[in-house]
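A.B. asks: Sharing protein05.tsv below, TSV, C-alpha atoms and all ligand atoms:
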```
chain	number	residue	atom	x	y	z
A	3	MET	CA	113.44	32.82	62.70
A	4	ASN	CA	111.42	35.97	63.21
A	5	LEU	CA	108.03	35.62	64.93
A	6	ASN	CA	106.91	38.80	63.15
A	7	ASN	CA	107.00	36.94	59.85
A	8	ILE	CA	104.76	34.15	61.07
A	9	ARG	CA	101.05	34.80	60.56
A	10	ILE	CA	98.17	32.86	62.06
A	11	VAL	CA	95.34	32.46	59.54
A	12	LEU	CA	91.86	31.54	60.78
A	13	VAL	CA	89.51	30.29	58.08
A	14	ASN	CA	85.76	31.01	58.40
A	15	THR	CA	85.74	31.11	62.20
A	16	SER	CA	82.17	30.88	63.58
A	17	HIS	CA	82.57	32.07	67.14
A	18	PRO	CA	84.02	35.53	67.73
A	19	GLY	CA	85.04	34.40	71.23
A	20	ASN	CA	87.51	32.01	69.64
A	21	ILE	CA	89.04	34.83	67.59
A	22	GLY	CA	89.64	36.72	70.83
A	23	GLY	CA	91.11	33.62	72.47
A	24	VAL	CA	93.47	33.18	69.52
A	25	ALA	CA	94.62	36.82	69.77
A	26	ARG	CA	95.45	36.31	73.43
A	27	ALA	CA	97.27	33.01	72.82
A	28	MET	CA	99.35	34.68	70.12
A	29	LYS	CA	100.28	37.75	72.15
A	30	ASN	CA	101.26	35.65	75.16
A	31	MET	CA	103.80	33.86	72.96
A	32	GLY	CA	105.03	36.96	71.10
A	33	LEU	CA	103.17	36.60	67.79
A	34	SER	CA	101.10	39.47	66.47
A	35	ARG	CA	99.99	38.92	62.88
A	36	LEU	CA	96.44	37.60	62.68
A	37	TYR	CA	94.61	37.03	59.38
A	38	LEU	CA	90.89	36.28	59.30
A	39	VAL	CA	89.43	34.73	56.17
A	40	GLU	CA	85.70	35.46	56.03
A	41	PRO	CA	85.04	35.39	59.79
A	42	ARG	CA	81.34	34.92	60.50
A	43	GLN	CA	81.18	37.68	63.12
A	44	PHE	CA	83.98	40.22	63.46
A	45	PRO	CA	84.58	42.71	65.02
A	46	ASP	CA	82.57	41.61	68.02
A	47	GLU	CA	82.33	42.27	71.75
A	48	GLN	CA	82.94	38.63	72.59
A	49	ALA	CA	86.20	38.71	70.67
A	50	ASP	CA	87.31	41.82	72.57
A	51	TRP	CA	86.34	40.24	75.87
A	52	ARG	CA	88.24	36.99	75.28
A	53	ALA	CA	91.28	38.83	73.92
A	54	ALA	CA	91.75	40.60	77.30
A	55	SER	CA	94.97	42.61	76.88
A	56	ALA	CA	95.54	41.48	73.30
A	57	ALA	CA	93.14	44.02	71.77
A	58	ASP	CA	96.02	45.31	69.62
A	59	VAL	CA	96.25	41.94	67.84
A	60	LEU	CA	92.54	42.21	66.96
A	61	ASP	CA	92.88	45.86	65.92
A	62	THR	CA	95.63	45.04	63.44
A	63	ALA	CA	94.03	41.79	62.20
A	64	VAL	CA	93.74	41.59	58.41
A	65	VAL	CA	90.33	40.42	57.14
A	66	THR	CA	90.34	38.81	53.67
A	67	GLU	CA	87.69	37.37	51.37
A	68	SER	CA	89.71	34.33	50.37
A	69	LEU	CA	92.38	32.08	51.76
A	70	GLU	CA	94.49	32.57	48.61
A	71	GLU	CA	94.57	36.29	49.33
A	72	ALA	CA	95.68	35.72	52.93
A	73	ILE	CA	98.69	33.59	51.90
A	74	ALA	CA	99.55	35.02	48.45
A	75	ASP	CA	102.93	36.42	49.56
A	76	CYS	CA	103.94	33.43	51.74
A	77	GLN	CA	106.90	31.18	50.93
A	78	PHE	CA	105.92	28.51	53.43
A	79	VAL	CA	102.44	27.40	54.49
A	80	VAL	CA	101.46	24.93	57.21
A	81	GLY	CA	97.93	23.49	57.50
A	82	THR	CA	96.63	22.14	60.81
A	83	SER	CA	94.31	19.19	60.99
A	84	ALA	CA	92.76	17.09	63.72
A	85	ARG	CA	92.46	14.01	61.52
A	86	GLY	CA	94.21	12.16	58.71
A	87	ARG	CA	93.19	12.75	55.08
A	88	ARG	CA	92.97	10.50	52.07
A	89	ILE	CA	96.19	11.52	50.33
A	90	SER	CA	98.51	12.06	53.22
A	91	TRP	CA	100.81	15.08	53.16
A	92	PRO	CA	104.03	15.21	55.16
A	93	LEU	CA	102.62	15.30	58.71
A	94	LEU	CA	104.50	16.75	61.68
A	95	ASP	CA	103.75	17.43	65.32
A	96	PRO	CA	103.97	21.04	66.59
A	97	ARG	CA	107.57	20.68	67.80
A	98	GLN	CA	108.87	19.22	64.55
A	99	CYS	CA	106.86	21.78	62.68
A	100	ALA	CA	108.31	24.71	64.64
A	101	GLU	CA	111.78	23.45	63.71
A	102	ARG	CA	110.78	23.36	60.07
A	103	MET	CA	109.33	26.89	60.26
A	104	ALA	CA	112.51	28.12	61.91
A	105	LEU	CA	114.39	27.30	58.69
A	106	ALA	CA	112.63	30.24	57.04
A	107	SER	CA	114.90	33.24	56.70
A	108	ASN	CA	114.12	36.59	58.28
A	109	ASP	CA	112.51	37.96	55.16
A	110	GLU	CA	110.39	34.94	54.30
A	111	GLN	CA	106.68	34.91	55.11
A	112	VAL	CA	105.25	31.88	56.88
A	113	ALA	CA	101.55	31.09	57.49
A	114	VAL	CA	99.86	28.59	59.78
A	115	LEU	CA	96.25	27.86	58.83
A	116	PHE	CA	93.53	26.90	61.28
A	117	GLY	CA	90.11	25.62	60.22
A	118	ARG	CA	86.45	26.01	61.09
A	119	GLU	CA	85.25	24.91	64.52
A	120	ASP	CA	82.83	22.37	63.03
A	121	ARG	CA	84.64	21.04	59.94
A	122	GLY	CA	88.27	22.10	60.08
A	123	LEU	CA	90.01	22.87	56.76
A	124	THR	CA	88.73	21.43	53.47
A	125	ASN	CA	90.90	19.12	51.39
A	126	ASP	CA	91.30	21.91	48.83
A	127	GLU	CA	92.58	24.25	51.52
A	128	LEU	CA	94.99	21.64	52.85
A	129	LYS	CA	96.36	21.21	49.33
A	130	LEU	CA	97.71	24.78	49.43
A	131	CYS	CA	100.14	23.79	52.19
A	132	ASN	CA	103.77	22.64	52.24
A	133	LEU	CA	103.10	20.39	55.18
A	134	HIS	CA	100.47	19.46	57.69
A	135	LEU	CA	100.57	19.73	61.45
A	136	ASN	CA	98.72	17.50	63.86
A	137	ILE	CA	98.67	17.95	67.62
A	138	PRO	CA	98.90	14.46	69.13
A	139	THR	CA	95.86	13.74	71.31
A	140	SER	CA	93.95	10.93	72.94
A	141	GLU	CA	92.38	8.62	70.38
A	142	ASP	CA	89.00	9.21	72.01
A	143	TYR	CA	88.87	12.92	71.23
A	144	SER	CA	91.27	14.52	68.79
A	145	SER	CA	89.69	17.90	68.18
A	146	LEU	CA	90.97	20.76	70.36
A	147	ASN	CA	89.27	24.09	70.82
A	148	LEU	CA	90.56	26.44	68.10
A	149	ALA	CA	92.29	28.90	70.44
A	150	MET	CA	93.92	26.05	72.36
A	151	ALA	CA	95.27	24.55	69.16
A	152	VAL	CA	96.76	27.96	68.28
A	153	GLN	CA	98.22	28.15	71.80
A	154	VAL	CA	100.06	24.84	71.45
A	155	VAL	CA	101.58	25.79	68.09
A	156	CYS	CA	102.64	29.28	69.25
A	157	TYR	CA	104.11	27.83	72.44
A	158	GLU	CA	106.36	25.50	70.47
A	159	LEU	CA	107.56	28.42	68.35
A	160	ARG	CA	108.33	30.39	71.50
A	161	MET	CA	110.23	27.47	73.07
A	162	LEU	CA	112.33	27.08	69.96
A	163	LEU	CA	113.11	30.78	69.83
A	164	ASN	CA	114.47	30.53	73.39
A	165	SER	CA	116.45	27.41	72.59
A	166	PRO	CA	120.16	27.25	71.82
A	167	LEU	CA	119.26	24.58	69.25
A	168	LEU	CA	117.60	27.10	66.93
A	169	PRO	CA	118.40	25.70	63.46
A	170	LYS	CA	120.19	27.71	60.77
A	171	THR	CA	117.93	29.20	58.15
A	172	GLU	CA	117.56	27.15	55.00
A	173	ASP	CA	118.55	29.88	52.58
A	174	GLU	CA	121.79	30.88	54.29
A	175	GLU	CA	123.70	29.17	51.51
A	176	TRP	CA	121.07	29.53	48.81
A	177	ASP	CA	121.47	31.98	45.94
A	178	THR	CA	117.85	32.63	44.96
A	179	PRO	CA	114.79	33.38	47.08
A	180	PHE	CA	112.11	30.72	47.48
A	181	THR	CA	108.94	31.38	45.53
A	182	THR	CA	105.57	32.44	46.96
A	183	GLY	CA	102.24	30.62	47.24
A	184	GLU	CA	100.75	32.92	44.60
A	185	ASN	CA	103.43	31.98	42.04
A	186	MET	CA	103.02	28.29	42.88
A	187	GLU	CA	99.26	28.57	42.18
A	188	ARG	CA	100.01	30.09	38.75
A	189	PHE	CA	102.47	27.28	38.09
A	190	TYR	CA	99.92	24.59	39.02
A	191	SER	CA	97.33	26.10	36.64
A	192	HIS	CA	99.93	26.23	33.86
A	193	LEU	CA	101.02	22.66	34.56
A	194	GLU	CA	97.43	21.41	34.53
A	195	GLU	CA	96.75	23.21	31.25
A	196	THR	CA	99.88	21.76	29.61
A	197	LEU	CA	99.25	18.23	30.85
A	198	THR	CA	95.77	18.52	29.34
A	199	ASP	CA	97.22	19.82	26.04
A	200	ILE	CA	99.57	16.85	25.74
A	201	GLU	CA	96.72	14.55	26.81
A	202	PHE	CA	98.52	13.21	29.83
A	203	LEU	CA	95.70	14.56	31.98
A	204	ASP	CA	92.13	13.73	31.01
A	205	PRO	CA	89.91	16.50	32.46
A	206	ALA	CA	87.01	14.02	32.43
A	207	ALA	CA	88.94	11.63	34.67
A	208	PRO	CA	91.66	13.68	36.41
A	209	ARG	CA	92.05	11.13	39.24
A	210	GLN	CA	94.43	12.47	41.90
A	211	LEU	CA	97.14	13.55	39.46
A	212	MET	CA	97.22	17.26	40.34
A	213	VAL	CA	97.06	16.54	44.06
A	214	ARG	CA	100.01	14.20	43.79
A	215	LEU	CA	101.99	16.72	41.75
A	216	ARG	CA	101.20	19.42	44.30
A	217	ARG	CA	102.47	17.19	47.03
A	218	LEU	CA	105.65	16.49	45.10
A	219	TYR	CA	106.47	20.16	44.47
A	220	SER	CA	105.49	21.32	47.95
A	221	ARG	CA	108.01	18.85	49.39
A	222	VAL	CA	110.97	20.42	47.57
A	223	ARG	CA	110.06	24.12	47.79
A	224	LEU	CA	111.03	25.75	44.51
A	225	ASP	CA	113.08	28.92	44.26
A	226	GLU	CA	112.22	31.73	41.83
A	227	MET	CA	114.74	30.57	39.23
A	228	GLU	CA	113.61	26.94	39.28
A	229	LEU	CA	110.01	28.06	38.94
A	230	ASN	CA	110.88	30.21	35.91
A	231	ILE	CA	112.67	27.28	34.26
A	232	LEU	CA	109.66	25.00	34.77
A	233	ARG	CA	107.26	27.67	33.47
A	234	GLY	CA	109.54	28.09	30.43
A	235	ILE	CA	109.46	24.35	29.72
A	236	LEU	CA	105.66	24.38	29.93
A	237	THR	CA	105.39	27.36	27.57
A	238	GLU	CA	107.65	25.67	24.98
A	239	THR	CA	105.73	22.41	25.32
A	240	GLN	CA	102.48	24.24	24.62
A	241	LYS	CA	104.01	25.91	21.55
A	242	TRP	CA	105.08	22.53	20.13
A	243	VAL	CA	101.67	21.05	20.79
A	244	SER	CA	99.91	23.81	18.91
A	245	LYS	CA	102.44	23.62	16.03
A	246	SER	CA	102.00	19.88	15.64
A	247	LYS	CA	98.20	20.21	15.80
A	248	LYS	CA	98.31	22.67	12.89
A	249	LYS	CA	100.33	20.19	10.83
A	250	LEU	CA	97.85	17.37	11.30
A	251	PRO	CA	95.87	16.53	8.10
A	252	LYS	CA	92.29	17.72	8.30
A	301	LIG	N1	86.02	18.64	63.39
A	301	LIG	C1	87.14	19.35	62.86
A	301	LIG	C2	87.98	19.91	63.97
A	301	LIG	C3	87.92	21.36	63.96
A	301	LIG	S1	88.74	22.03	65.34
A	301	LIG	C4	88.00	18.38	62.05
A	301	LIG	O1	87.77	17.21	62.10
A	301	LIG	O2	88.92	18.81	61.37
A	301	LIG	C5	89.16	23.61	64.68
A	301	LIG	C6	90.58	23.76	64.23
A	301	LIG	O3	91.46	23.64	65.35
A	301	LIG	C7	91.06	22.74	63.24
A	301	LIG	O4	90.69	23.07	61.92
A	301	LIG	C8	92.56	22.86	63.43
A	301	LIG	O5	93.01	24.04	62.79
A	301	LIG	C9	92.68	23.05	64.94
A	301	LIG	N2	92.84	21.77	65.64
A	301	LIG	C10	92.00	21.20	66.53
A	301	LIG	N3	92.50	20.04	66.99
A	301	LIG	C11	93.68	19.85	66.37
A	301	LIG	C12	94.68	18.83	66.42
A	301	LIG	N4	94.59	17.75	67.18
A	301	LIG	N5	95.77	18.98	65.64
A	301	LIG	C13	95.92	20.07	64.84
A	301	LIG	N6	95.01	21.06	64.76
A	301	LIG	C14	93.91	20.96	65.52
```
As structure tokens, please, write out the structure in this file.
Ligand code: SAH

C.D. replies:
Amino acid sequence: MNLNNIRIVLVNTSHPGNIGGVARAMKNMGLSRLYLVEPRQFPDEQADWRAASAADVLDTAVVTESLEEAIADCQFVVGTSARGRRISWPLLDPRQCAERMALASNDEQVAVLFGREDRGLTNDELKLCNLHLNIPTSEDYSSLNLAMAVQVVCYELRMLLNSPLLPKTEDEEWDTPFTTGENMERFYSHLEETLTDIEFLDPAAPRQLMVRLRRLYSRVRLDEMELNILRGILTETQKWVSKSKKKLPK
């Protein structure tokens, strides 16, 4: 595990003070890569003030216009959430999640996403993730301040880094690199298109089919070769569909 490959992504943060608090929490624990997706107010004096001696984390923060852009090159993405959602994703606490993140090799990119102060992450944003993280809390009040939630997650990563139990990376015995979020998004579009072509998916009544398929594939984590095979199968399927449509009597 390499903390330099783990990025903290804040989505649509409202209060610049929280951005500063996050920068400080990260630097205290040895993380430095902050991504800000459409922050409402940044740069800002309040962010600088709350960051204290972590101004460098703010200075090097990457601001993006979309979440997809912020995680395009990531092989593993974790979404944080204060409450359960309708279709439940694999859900881990910060300690279990740190162990899972530690399986990433030194050249893999990992992202942890944090949501808006008022509404958290949307269901569509959570669907981009391999797994979800929930910080256990009192039942009476489950929503932590944004910077405090980041602190808890970064602390667990730090503890694991110091631990003799640090797990072996997942790809030590693997022959092909795991694929990125960007390639997975292309695959999902291709899959959806093909399932529509073969009339397995009805665009007028898609139900939760694509969400369930996303959940299935995000559980296994595909490598580059496996992804190419699946894309190849989809391309051939589409060819056969268009051939057989041409043959149909008019
Ligand atoms: N009302 C929002 C909570 C937003 S708190 C909701 O129901 O989702 C802002 C962000 O802090 C969340 O999007 C999440 O990234 C993080 N956070 C707060 N409490 C958390 C918890 N108990 N577990 C995991 N993440 C949490």

A.B. asks: Point out the residue among A:Val24, A:Leu130, A:Val80, A:Leu236 with the least atom-to-atom distance to A:Glu194, counting only C-alpha atoms.

C.D. replies: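 Of A:Val24, A:Leu130, A:Val80, A:Leu236, the one nearest A:Glu194 is A:Leu236, counting only C-alpha atoms.
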
A.B. asks: Enumerate residues in contact with ligand LIG 301 (chain A): an atom-to-atom distance of at most 7 Å, counting all atoms listed in the file. Format the result as a list in words.

C.D. replies: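 The residues near ligand LIG 301 (chain A) are Thr82, Ser83, Ala84, Arg85, Leu115, Phe116, Gly117, Arg118, Glu119, Asp120, Arg121, Gly122, Leu123, Leu135, Asn136, Ile137, Pro138, Thr139, Ser144, Ser145, Leu146, Asn147, Leu148 and Ala151 of chain A.
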
A.B. asks: Can those selected residues be exported to a file as a compact mmCIF listing (two decimals), keeping the file's coordinate frame so that it contains C-alpha atoms?

C.D. replies:
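Just written: part-v6.txt:
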```txt
# COMPACT_ATOMS: atom_id res chain seq x y z
CA THR A 82 96.63 22.14 60.81
CA SER A 83 94.31 19.19 60.99
CA ALA A 84 92.76 17.09 63.72
CA ARG A 85 92.46 14.01 61.52
CA LEU A 115 96.25 27.86 58.83
CA PHE A 116 93.53 26.90 61.28
CA GLY A 117 90.11 25.62 60.22
CA ARG A 118 86.45 26.01 61.09
CA GLU A 119 85.25 24.91 64.52
CA ASP A 120 82.83 22.37 63.03
CA ARG A 121 84.64 21.04 59.94
CA GLY A 122 88.27 22.10 60.08
CA LEU A 123 90.01 22.87 56.76
CA LEU A 135 100.57 19.73 61.45
CA ASN A 136 98.72 17.50 63.86
CA ILE A 137 98.67 17.95 67.62
CA PRO A 138 98.90 14.46 69.13
CA THR A 139 95.86 13.74 71.31
CA SER A 144 91.27 14.52 68.79
CA SER A 145 89.69 17.90 68.18
CA LEU A 146 90.97 20.76 70.36
CA ASN A 147 89.27 24.09 70.82
CA LEU A 148 90.56 26.44 68.10
CA ALA A 151 95.27 24.55 69.16
```

A.B. asks: Give me, as JSON lines, the closest atom pair and its distance (Å, one decimal) for every residue of stretch 74-175 of chain A within a cut-off of 8 Å of stretch 211-229 of chain A, counting all atoms listed in the file, rows sorted by chain and rising number.

C.D. replies:
```
{"residue": "A:Trp91", "atom": "CA", "partner": "A:Arg217", "partner_atom": "CA", "distance": 6.7}
{"residue": "A:Pro92", "atom": "CA", "partner": "A:Arg221", "partner_atom": "CA", "distance": 7.9}
{"residue": "A:Lys129", "atom": "CA", "partner": "A:Val213", "partner_atom": "CA", "distance": 7.1}
{"residue": "A:Cys131", "atom": "CA", "partner": "A:Ser220", "partner_atom": "CA", "distance": 7.3}
{"residue": "A:Asn132", "atom": "CA", "partner": "A:Ser220", "partner_atom": "CA", "distance": 4.8}
{"residue": "A:Leu133", "atom": "CA", "partner": "A:Ser220", "partner_atom": "CA", "distance": 7.7}
```

A.B. asks: Which is closest to A:Trp176 among A:Val39, A:Ala56, A:Ala106, A:Gln48, if we use all atoms listed in the file?

C.D. replies: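 Closest residue, counting all atoms listed in the file: A:Ala106.
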
A.B. asks: Measure the distance from atom CA of A:Leu250 to atom CA of A:Ala206 in Å and round it to one decimal.

C.D. replies: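 Spanning atom CA of A:Leu250 to atom CA of A:Ala206 is a straight-line distance of 24.0 Å.
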
A.B. asks: For the atom pair atom CA of A:Thr181 and atom CA of A:Gln77, what is the interatomic distance in Å to one decimal place?

C.D. replies: 5.8 Å

A.B. asks: Could you jot down the atom CA of A:Asn108 to atom CA of A:Asp126 separation for me, Å, one decimal place?

C.D. replies: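 Spanning atom CA of A:Asn108 to atom CA of A:Asp126 is a straight-line distance of 28.7 Å.
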
A.B. asks: Measuring between all atoms listed in the file, which one of A:Leu38, A:Ala74, A:Leu203, A:Val79 shows the shortest distance to A:Asp61?

C.D. replies: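 Closest candidate: A:Leu38.
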
A.B. asks: Determine the nearest neighbour of A:Thr198 from the options A:Val243, A:Ala49, A:Ala54, A:Leu168, counting all atoms listed in the file.

C.D. replies: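 Closest to A:Thr198, using all atoms listed in the file: A:Val243.
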
A.B. asks: Between A:Glu158, A:Asp50, A:Glu71, A:Asp199, which is the closest to A:Pro96 once you count all atoms listed in the file?

C.D. replies: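 Of A:Glu158, A:Asp50, A:Glu71, A:Asp199, the one nearest A:Pro96, counting all atoms listed in the file, is A:Glu158.
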
A.B. asks: I'd like the neighbourhood of A:Ser107 as a PDB file with C-alpha atoms, in the coordinates of the input, where a residue qualifies if any of its atoms comes within 7 Å (using only C-alpha atoms), though same-chain residues fewer than 6 positions away should be ignored.

C.D. replies:
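Contents of the output file around_39.pdb:
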```pdb
ATOM      1  CA  MET A   3     113.440  32.820  62.700  1.00  0.00           C
ATOM      2  CA  THR A 171     117.930  29.200  58.150  1.00  0.00           C
ATOM      3  CA  GLU A 172     117.560  27.150  55.000  1.00  0.00           C
ATOM      4  CA  ASP A 173     118.550  29.880  52.580  1.00  0.00           C
TER       5      ASP A 173
END
```

A.B. asks: Show which residues sit within 10 Å of A:Asn4, as a list in words. Count all atoms listed in the file, and ignore same-chain residues fewer than 4 positions away.

C.D. replies: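 Near A:Asn4, the qualifying residues are Ile8, Leu33, Met103, Ala104, Ala106, Ser107, Asn108, Asp109, Glu110, Gln111, Val112, Leu159 and Leu163 of chain A.
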
A.B. asks: How would the residues just picked look written out with C-alpha atoms as a PDB file, in the frame of the given file?

C.D. replies:
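What ended up in part.pdb:
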```pdb
ATOM      1  CA  ILE A   8     104.760  34.150  61.070  1.00  0.00           C
ATOM      2  CA  LEU A  33     103.170  36.600  67.790  1.00  0.00           C
ATOM      3  CA  MET A 103     109.330  26.890  60.260  1.00  0.00           C
ATOM      4  CA  ALA A 104     112.510  28.120  61.910  1.00  0.00           C
ATOM      5  CA  ALA A 106     112.630  30.240  57.040  1.00  0.00           C
ATOM      6  CA  SER A 107     114.900  33.240  56.700  1.00  0.00           C
ATOM      7  CA  ASN A 108     114.120  36.590  58.280  1.00  0.00           C
ATOM      8  CA  ASP A 109     112.510  37.960  55.160  1.00  0.00           C
ATOM      9  CA  GLU A 110     110.390  34.940  54.300  1.00  0.00           C
ATOM     10  CA  GLN A 111     106.680  34.910  55.110  1.00  0.00           C
ATOM     11  CA  VAL A 112     105.250  31.880  56.880  1.00  0.00           C
ATOM     12  CA  LEU A 159     107.560  28.420  68.350  1.00  0.00           C
ATOM     13  CA  LEU A 163     113.110  30.780  69.830  1.00  0.00           C
TER      14      LEU A 163
END
```

A.B. asks: Please provide as a list in words all residues within 6 Å of stretch 16-23 of chain A, with the sequence filter that same-chain residues fewer than 2 positions apart are discarded (counting all atoms listed in the file).

C.D. replies: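 Non-adjacent residues within range: Ala25, Arg26, Arg42, Gln43, Gln48, Ala49, Asp50, Arg52, Ala53 and Ala149 of chain A.
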
A.B. asks: Between A:Lys248, A:Lys29, A:Arg188, A:Arg35, which one has atoms that come closest to A:Asn7, using only C-alpha atoms?

C.D. replies: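 Closest to A:Asn7, using only C-alpha atoms: A:Arg35.
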
A.B. asks: Kindly complete stretch 75-99 of chain A to N, CA and C atoms; the output should be written as a compact mmCIF listing (two decimals), keeping the file's coordinate frame.

C.D. replies:
```
# COMPACT_ATOMS: atom_id res chain seq x y z
N ASP A 75 101.51 36.03 49.51
CA ASP A 75 102.93 36.42 49.56
C ASP A 75 103.77 35.48 50.44
N CYS A 76 103.21 34.33 50.83
CA CYS A 76 103.94 33.43 51.74
C CYS A 76 104.82 32.44 50.98
N GLN A 77 106.00 32.18 51.52
CA GLN A 77 106.90 31.18 50.93
C GLN A 77 106.72 29.81 51.58
N PHE A 78 106.08 29.79 52.74
CA PHE A 78 105.92 28.51 53.43
C PHE A 78 104.58 28.50 54.16
N VAL A 79 103.79 27.45 53.92
CA VAL A 79 102.44 27.40 54.49
C VAL A 79 102.22 26.05 55.20
N VAL A 80 101.74 26.13 56.42
CA VAL A 80 101.46 24.93 57.21
C VAL A 80 99.94 24.84 57.44
N GLY A 81 99.36 23.67 57.23
CA GLY A 81 97.93 23.49 57.50
C GLY A 81 97.75 22.60 58.71
N THR A 82 96.83 22.95 59.61
CA THR A 82 96.63 22.14 60.81
C THR A 82 95.39 21.28 60.64
N SER A 83 95.45 20.09 61.17
CA SER A 83 94.31 19.19 60.99
C SER A 83 94.22 18.21 62.15
N ALA A 84 92.97 17.98 62.58
CA ALA A 84 92.76 17.09 63.72
C ALA A 84 92.66 15.63 63.28
N ARG A 85 92.59 15.41 61.95
CA ARG A 85 92.46 14.01 61.52
C ARG A 85 93.22 13.78 60.22
N GLY A 86 93.49 12.51 59.93
CA GLY A 86 94.21 12.16 58.71
C GLY A 86 93.33 12.34 57.48
N ARG A 87 93.95 12.59 56.32
CA ARG A 87 93.19 12.75 55.08
C ARG A 87 93.57 11.66 54.10
N ARG A 88 92.81 11.62 52.99
CA ARG A 88 92.97 10.50 52.07
C ARG A 88 94.37 10.42 51.45
N ILE A 89 94.80 11.52 50.80
CA ILE A 89 96.19 11.52 50.33
C ILE A 89 96.99 12.21 51.40
N SER A 90 97.87 11.45 52.07
CA SER A 90 98.51 12.06 53.22
C SER A 90 99.67 12.95 52.79
N TRP A 91 99.74 14.09 53.38
CA TRP A 91 100.81 15.08 53.16
C TRP A 91 101.87 14.81 54.22
N PRO A 92 103.08 15.34 54.05
CA PRO A 92 104.03 15.21 55.16
C PRO A 92 103.38 15.77 56.44
N LEU A 93 103.37 14.95 57.49
CA LEU A 93 102.62 15.30 58.71
C LEU A 93 103.58 15.39 59.89
N LEU A 94 103.59 16.55 60.55
CA LEU A 94 104.50 16.75 61.68
C LEU A 94 103.74 17.15 62.93
N ASP A 95 104.35 16.93 64.10
CA ASP A 95 103.75 17.43 65.32
C ASP A 95 104.23 18.88 65.52
N PRO A 96 103.64 19.62 66.47
CA PRO A 96 103.97 21.04 66.59
C PRO A 96 105.47 21.32 66.81
N ARG A 97 106.15 20.45 67.52
CA ARG A 97 107.57 20.68 67.80
C ARG A 97 108.40 20.53 66.53
N GLN A 98 108.14 19.44 65.81
CA GLN A 98 108.87 19.22 64.55
C GLN A 98 108.55 20.34 63.56
N CYS A 99 107.31 20.77 63.62
CA CYS A 99 106.86 21.78 62.68
C CYS A 99 107.51 23.13 62.98
```
